[in-house]
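*Asks:* Below is the structure I would like to discuss, written out as structure tokens.
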Amino acid sequence: MQGKICLVTGATSGIGQATAMGLARQGALVVIAGRDAARTQDTLEAIRKETGNRQVESLLADFSSQAEVRRLASEFRARHGRLDVLLNNAGAVFMERAVAVDGFERTWAVNHLASFLLTLELKDLIAASAPARIVTVSSAMHTGRTLDPDKIQEEKIYGISGYGQSKLANVLFTYALARRLAGTGVTANCLHPGVVSTRLMRPKGHLAVKVLMTLIQPFLSSPEKGAATSLYLASSPEVEGVTGKYFVNRKAVPSSPVSYDEALQERLWELSLRQTGQEASR
């Protein structure tokens with residue numbers, strides 16, 4: 001990864017931090033995106049110290065705000081004239097319903113709309129850097145879920161159900177994106193990282209969920225193991241040119257049947273364009 005520039009979102013803990021660490025070890029220039037200034041600076045310093053790679057930078061953005069996502073993209077462009085790997089890792093589980101600043105339920109805003117918007121804001125820069133890669137962290141929790149774009153704002157959609165729907169959206173988005181990038185030299189893939197011990201697995205909220213998560217902690221994988229597939233898709237020559245796939249344990253596997261519904265993929269794409277004001281970026 002010498003000479004490559006990588007942007008990793010949600011990089012201040014867990015899988016994101018481990019992914020950024022791995023890319024830095026391989027010699028990439030890594031830009032980490034975080035929400036909290038102090039935690040982001042601590043992560044930056046830890047990666048530099050652990051890897052010996054001084055080419056680690058940071059950007060700040062709250063991914064529940066589209067204005068901040070746009071600002072992050074603009075600041076990245078101001079610093080760098082290319083982007084070889086965009087790793088959409090940021091995600092969260094919210095056990096209580098809340099509406100983000102732009103009027104969207106915050107699970108949907110953070111887990112889907114932010115990645116969609118950031119990708120489109122940087123798409124032409126990535127295309128100009130081809131061969132390049134876009135990697136989006138989904139989850140096996142997308143299986144068994146359905147998604148009706150007309151009902152995504154309903155009050156009942158949050159918590160574990162809302163998280164699963166947002167992860168299905170990640171897969172649908174990846175497949176639609178891969179079609180649009182065909183022939184550009186840019187690949188788009190998504191993945192399930194495994195069930196990993198991260199902040200995501202310690203959501204605030206319902207007591208029953210907190211008790212369950214505490215009980216299963218000893219059986220969860222480490223963030224380093226969880227980052228293995230992200231790193232593989234970001235850097236391995238084995239997947240050069242491979243696009244539009246869903247990976248588990250560094251292998252392409254089928255995603256849920258509904259995720260292959262191209263009509264649904266396109267309905268979601270059109271909805272996401274409207275919700276992010278990106279109609280011109282079809």
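Letters A, B, ... go to the chains of the structure tokens in the order shown; residues in each chain start at 1; ligands are counted from 1 in the same order.
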Show which residues sit within 8 Å of range 179-194 of chain A, as a ChimeraX atom specification. Count only C-alpha atoms, and ignore same-chain residues fewer than 2 positions away.

*Replies:* /A:126-127,130-140,170-171,174-177,196,221,226-230,233,241-249

*Asks:* Can you write out the residues you just picked, keeping N, CA and C atoms, as a JSON list (two decimals), in the first residue's frame?

*Replies:*
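Here's the written file part_24.json:
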```
[["chain", "number", "residue", "atom", "x", "y", "z"],
["A", 126, "ILE", "N", -12.28, 9.50, -6.60],
["A", 126, "ILE", "CA", -11.92, 8.08, -6.59],
["A", 126, "ILE", "C", -11.75, 7.57, -8.01],
["A", 127, "ALA", "N", -12.68, 7.93, -8.90],
["A", 127, "ALA", "CA", -12.60, 7.48, -10.29],
["A", 127, "ALA", "C", -11.33, 7.99, -10.96],
["A", 130, "ALA", "N", -8.29, 5.72, -10.22],
["A", 130, "ALA", "CA", -8.38, 4.29, -10.57],
["A", 130, "ALA", "C", -7.03, 3.74, -11.05],
["A", 131, "PRO", "N", -6.78, 2.45, -10.70],
["A", 131, "PRO", "CA", -7.67, 1.53, -9.99],
["A", 131, "PRO", "C", -7.82, 1.90, -8.52],
["A", 132, "ALA", "N", -9.06, 1.90, -8.06],
["A", 132, "ALA", "CA", -9.37, 2.30, -6.69],
["A", 132, "ALA", "C", -10.48, 1.41, -6.15],
["A", 133, "ARG", "N", -10.72, 1.51, -4.84],
["A", 133, "ARG", "CA", -11.67, 0.60, -4.20],
["A", 133, "ARG", "C", -12.56, 1.34, -3.21],
["A", 134, "ILE", "N", -13.83, 0.93, -3.18],
["A", 134, "ILE", "CA", -14.79, 1.40, -2.18],
["A", 134, "ILE", "C", -15.26, 0.18, -1.41],
["A", 135, "VAL", "N", -15.06, 0.20, -0.11],
["A", 135, "VAL", "CA", -15.41, -0.93, 0.75],
["A", 135, "VAL", "C", -16.39, -0.45, 1.81],
["A", 136, "THR", "N", -17.51, -1.14, 1.95],
["A", 136, "THR", "CA", -18.53, -0.75, 2.92],
["A", 136, "THR", "C", -18.78, -1.89, 3.89],
["A", 137, "VAL", "N", -18.73, -1.56, 5.17],
["A", 137, "VAL", "CA", -18.93, -2.57, 6.21],
["A", 137, "VAL", "C", -20.43, -2.72, 6.47],
["A", 138, "SER", "N", -20.95, -3.89, 6.13],
["A", 138, "SER", "CA", -22.35, -4.22, 6.39],
["A", 138, "SER", "C", -22.40, -5.16, 7.59],
["A", 139, "SER", "N", -23.28, -6.13, 7.57],
["A", 139, "SER", "CA", -23.41, -7.08, 8.67],
["A", 139, "SER", "C", -24.29, -8.23, 8.24],
["A", 140, "ALA", "N", -24.05, -9.40, 8.82],
["A", 140, "ALA", "CA", -24.94, -10.54, 8.59],
["A", 140, "ALA", "C", -26.35, -10.25, 9.09],
["A", 170, "ASN", "N", -26.85, -1.04, 3.10],
["A", 170, "ASN", "CA", -25.43, -1.03, 2.72],
["A", 170, "ASN", "C", -25.16, -1.99, 1.56],
["A", 171, "VAL", "N", -25.79, -3.16, 1.61],
["A", 171, "VAL", "CA", -25.58, -4.17, 0.56],
["A", 171, "VAL", "C", -26.26, -3.73, -0.73],
["A", 174, "THR", "N", -24.24, -1.03, -2.31],
["A", 174, "THR", "CA", -23.00, -1.52, -2.91],
["A", 174, "THR", "C", -23.25, -2.10, -4.29],
["A", 175, "TYR", "N", -24.31, -2.90, -4.43],
["A", 175, "TYR", "CA", -24.59, -3.53, -5.72],
["A", 175, "TYR", "C", -24.99, -2.49, -6.77],
["A", 176, "ALA", "N", -25.80, -1.51, -6.37],
["A", 176, "ALA", "CA", -26.18, -0.45, -7.31],
["A", 176, "ALA", "C", -24.98, 0.40, -7.69],
["A", 177, "LEU", "N", -24.11, 0.65, -6.73],
["A", 177, "LEU", "CA", -22.90, 1.44, -6.98],
["A", 177, "LEU", "C", -21.96, 0.70, -7.92],
["A", 196, "VAL", "N", -18.10, -8.97, 16.58],
["A", 196, "VAL", "CA", -16.86, -8.44, 17.13],
["A", 196, "VAL", "C", -17.12, -7.65, 18.41],
["A", 221, "SER", "N", -15.32, -11.94, 18.66],
["A", 221, "SER", "CA", -14.00, -11.82, 18.06],
["A", 221, "SER", "C", -13.37, -10.49, 18.42],
["A", 226, "GLY", "N", -11.92, -8.83, 13.30],
["A", 226, "GLY", "CA", -13.03, -8.22, 12.59],
["A", 226, "GLY", "C", -12.58, -7.36, 11.42],
["A", 227, "ALA", "N", -11.38, -6.81, 11.52],
["A", 227, "ALA", "CA", -10.86, -5.94, 10.47],
["A", 227, "ALA", "C", -10.24, -6.72, 9.31],
["A", 228, "ALA", "N", -10.06, -8.02, 9.46],
["A", 228, "ALA", "CA", -9.32, -8.80, 8.47],
["A", 228, "ALA", "C", -9.93, -8.72, 7.08],
["A", 229, "THR", "N", -11.26, -8.82, 6.99],
["A", 229, "THR", "CA", -11.89, -8.79, 5.66],
["A", 229, "THR", "C", -11.87, -7.39, 5.08],
["A", 230, "SER", "N", -12.03, -6.37, 5.92],
["A", 230, "SER", "CA", -11.91, -4.99, 5.43],
["A", 230, "SER", "C", -10.53, -4.75, 4.84],
["A", 233, "LEU", "N", -10.14, -6.58, 1.46],
["A", 233, "LEU", "CA", -10.80, -5.92, 0.34],
["A", 233, "LEU", "C", -10.12, -4.59, -0.02],
["A", 241, "GLY", "N", -10.03, -5.81, -9.24],
["A", 241, "GLY", "CA", -11.03, -5.94, -10.29],
["A", 241, "GLY", "C", -12.31, -6.64, -9.88],
["A", 242, "VAL", "N", -12.35, -7.24, -8.68],
["A", 242, "VAL", "CA", -13.56, -7.91, -8.20],
["A", 242, "VAL", "C", -14.52, -6.84, -7.66],
["A", 243, "THR", "N", -15.76, -6.88, -8.09],
["A", 243, "THR", "CA", -16.70, -5.84, -7.68],
["A", 243, "THR", "C", -18.11, -6.38, -7.53],
["A", 244, "GLY", "N", -18.91, -5.66, -6.74],
["A", 244, "GLY", "CA", -20.31, -6.03, -6.57],
["A", 244, "GLY", "C", -20.50, -7.32, -5.80],
["A", 245, "LYS", "N", -19.64, -7.56, -4.80],
["A", 245, "LYS", "CA", -19.71, -8.80, -4.03],
["A", 245, "LYS", "C", -19.86, -8.51, -2.54],
["A", 246, "TYR", "N", -20.34, -9.54, -1.82],
["A", 246, "TYR", "CA", -20.49, -9.50, -0.36],
["A", 246, "TYR", "C", -19.54, -10.55, 0.21],
["A", 247, "PHE", "N", -18.68, -10.14, 1.14],
["A", 247, "PHE", "CA", -17.62, -11.01, 1.64],
["A", 247, "PHE", "C", -17.80, -11.33, 3.13],
["A", 248, "VAL", "N", -17.46, -12.55, 3.48],
["A", 248, "VAL", "CA", -17.38, -12.99, 4.86],
["A", 248, "VAL", "C", -16.11, -13.81, 5.00],
["A", 249, "ASN", "N", -15.31, -13.53, 5.99],
["A", 249, "ASN", "CA", -14.04, -14.25, 6.19],
["A", 249, "ASN", "C", -13.19, -14.26, 4.92]]
```

*Asks:* So which residues of range 30-268 of chain A fall under alpha helix (DSSP H) by DSSP, listed as a ChimeraX atom specification?

*Replies:* /A:37-51,66-79,106-108,114-128,159-181,207-216,223-226,228-235,262-268

*Asks:* So that each row is one residue of range 82-190 of chain A with an atom at most 9 Å from range 56-69 of chain A, can you give its shortest atom pair and the distance in Å to one decimal, using only C-alpha atoms, rows by chain and rising number, as JSON lines?

*Replies:*
```
{"residue": "A:Ala90", "atom": "CA", "partner": "A:Phe63", "partner_atom": "CA", "distance": 7.9}
{"residue": "A:Gly91", "atom": "CA", "partner": "A:Phe63", "partner_atom": "CA", "distance": 8.8}
{"residue": "A:Ala100", "atom": "CA", "partner": "A:Ser64", "partner_atom": "CA", "distance": 5.8}
{"residue": "A:Val101", "atom": "CA", "partner": "A:Ser65", "partner_atom": "CA", "distance": 6.0}
{"residue": "A:Asp102", "atom": "CA", "partner": "A:Ser65", "partner_atom": "CA", "distance": 6.6}
{"residue": "A:Phe104", "atom": "CA", "partner": "A:Ser64", "partner_atom": "CA", "distance": 8.8}
{"residue": "A:Arg106", "atom": "CA", "partner": "A:Ser64", "partner_atom": "CA", "distance": 6.2}
{"residue": "A:Thr107", "atom": "CA", "partner": "A:Ser64", "partner_atom": "CA", "distance": 8.4}
{"residue": "A:Trp108", "atom": "CA", "partner": "A:Ser64", "partner_atom": "CA", "distance": 8.8}
{"residue": "A:Ala109", "atom": "CA", "partner": "A:Ser64", "partner_atom": "CA", "distance": 5.4}
{"residue": "A:Val110", "atom": "CA", "partner": "A:Ser64", "partner_atom": "CA", "distance": 4.9}
{"residue": "A:Asn111", "atom": "CA", "partner": "A:Phe63", "partner_atom": "CA", "distance": 8.4}
{"residue": "A:Leu113", "atom": "CA", "partner": "A:Gln66", "partner_atom": "CA", "distance": 8.2}
{"residue": "A:Ala114", "atom": "CA", "partner": "A:Phe63", "partner_atom": "CA", "distance": 5.7}
{"residue": "A:Ser115", "atom": "CA", "partner": "A:Phe63", "partner_atom": "CA", "distance": 8.5}
{"residue": "A:Leu117", "atom": "CA", "partner": "A:Val69", "partner_atom": "CA", "distance": 7.3}
{"residue": "A:Leu118", "atom": "CA", "partner": "A:Val69", "partner_atom": "CA", "distance": 6.2}
{"residue": "A:Glu121", "atom": "CA", "partner": "A:Val69", "partner_atom": "CA", "distance": 8.8}
```

*Asks:* For the residues selected in the previous step, produce a file with C-alpha atoms as a short mmCIF file (atom, residue, chain, number, x, y, z; two decimals), in the first residue's frame.

*Replies:*
```cif
data_model
loop_
_atom_site.label_atom_id
_atom_site.label_comp_id
_atom_site.auth_asym_id
_atom_site.auth_seq_id
_atom_site.Cartn_x
_atom_site.Cartn_y
_atom_site.Cartn_z
CA ALA A 90 -18.87 4.21 10.50
CA GLY A 91 -21.99 2.75 12.10
CA ALA A 100 -30.97 13.53 13.40
CA VAL A 101 -30.45 17.18 12.46
CA ASP A 102 -31.61 16.68 8.85
CA PHE A 104 -34.02 11.44 9.40
CA ARG A 106 -30.43 8.63 13.24
CA THR A 107 -29.69 4.92 12.60
CA TRP A 108 -30.63 5.48 8.96
CA ALA A 109 -28.76 8.79 8.87
CA VAL A 110 -25.49 7.42 10.28
CA ASN A 111 -25.40 3.88 8.90
CA LEU A 113 -27.15 8.07 4.29
CA ALA A 114 -23.73 9.23 5.54
CA SER A 115 -21.87 6.53 3.61
CA LEU A 117 -23.41 10.86 0.63
CA LEU A 118 -19.69 10.64 1.35
CA GLU A 121 -19.18 13.46 -2.80
#
```

*Asks:* Would you mind telling me which residue in A:Pro149, A:Gly159, A:Gly52, A:Pro237 lies nearest to Ala28 in chain A when using only C-alpha atoms?

*Replies:*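 Using only C-alpha atoms, the shortest distance to Ala28 in chain A belongs to A:Gly52.
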
*Asks:* How many Å separate CA of Ser129 in chain A from CA of Val239 in chain A?

*Replies:*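 Computed distance, CA of Ser129 in chain A to CA of Val239 in chain A, equals 17.1 Å.
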
*Asks:* Select, from A:Tyr232, A:Met141, A:Arg267, A:Ser13, the residue with the minimum atom-to-atom distance to Lys251 in chain A, counting only C-alpha atoms.

*Replies:*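 So, comparing all the options, the nearest one is A:Tyr232.
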
*Asks:* With distances taken over only C-alpha atoms, which of A:Leu172, A:Asp148, A:Val31, A:Val93 is nearest to Glu75 in chain A?

*Replies:* A:Val31

*Asks:* Taking the chain letters and numbering used in this document, name the residues of range 35-218 of chain A that DSSP puts in strand (DSSP E or B), as a VMD selection string.

*Replies:* chain A and resid 56 to 60 85 to 88 99 105 132 to 137 186 to 192 196

*Asks:* Any chance you could export the current selection's C-alpha atoms as a short mmCIF file (atom, residue, chain, number, x, y, z; two decimals), in the first residue's frame?

*Replies:*
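The file below, selection-v9.cif, is the result:
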```cif
data_model
loop_
_atom_site.label_atom_id
_atom_site.label_comp_id
_atom_site.auth_asym_id
_atom_site.auth_seq_id
_atom_site.Cartn_x
_atom_site.Cartn_y
_atom_site.Cartn_z
CA VAL A 56 -1.61 9.30 9.44
CA GLU A 57 -4.03 12.21 9.39
CA SER A 58 -7.45 12.91 10.84
CA LEU A 59 -10.71 14.62 9.93
CA LEU A 60 -13.67 15.33 12.17
CA VAL A 85 -9.46 3.41 -0.93
CA LEU A 86 -12.65 4.68 0.70
CA LEU A 87 -13.60 2.46 3.61
CA ASN A 88 -17.15 3.17 4.82
CA VAL A 99 -34.25 12.13 14.70
CA GLU A 105 -34.02 8.67 12.00
CA ALA A 132 -9.37 2.30 -6.69
CA ARG A 133 -11.67 0.60 -4.20
CA ILE A 134 -14.79 1.40 -2.18
CA VAL A 135 -15.41 -0.93 0.75
CA THR A 136 -18.53 -0.75 2.92
CA VAL A 137 -18.93 -2.57 6.21
CA VAL A 186 -13.20 1.42 -9.34
CA THR A 187 -14.57 -1.57 -7.43
CA ALA A 188 -17.32 -1.57 -4.79
CA ASN A 189 -17.71 -4.40 -2.32
CA CYS A 190 -19.26 -4.92 1.11
CA LEU A 191 -18.67 -7.32 3.97
CA HIS A 192 -19.71 -8.87 7.24
CA VAL A 196 -16.86 -8.44 17.13
#
```
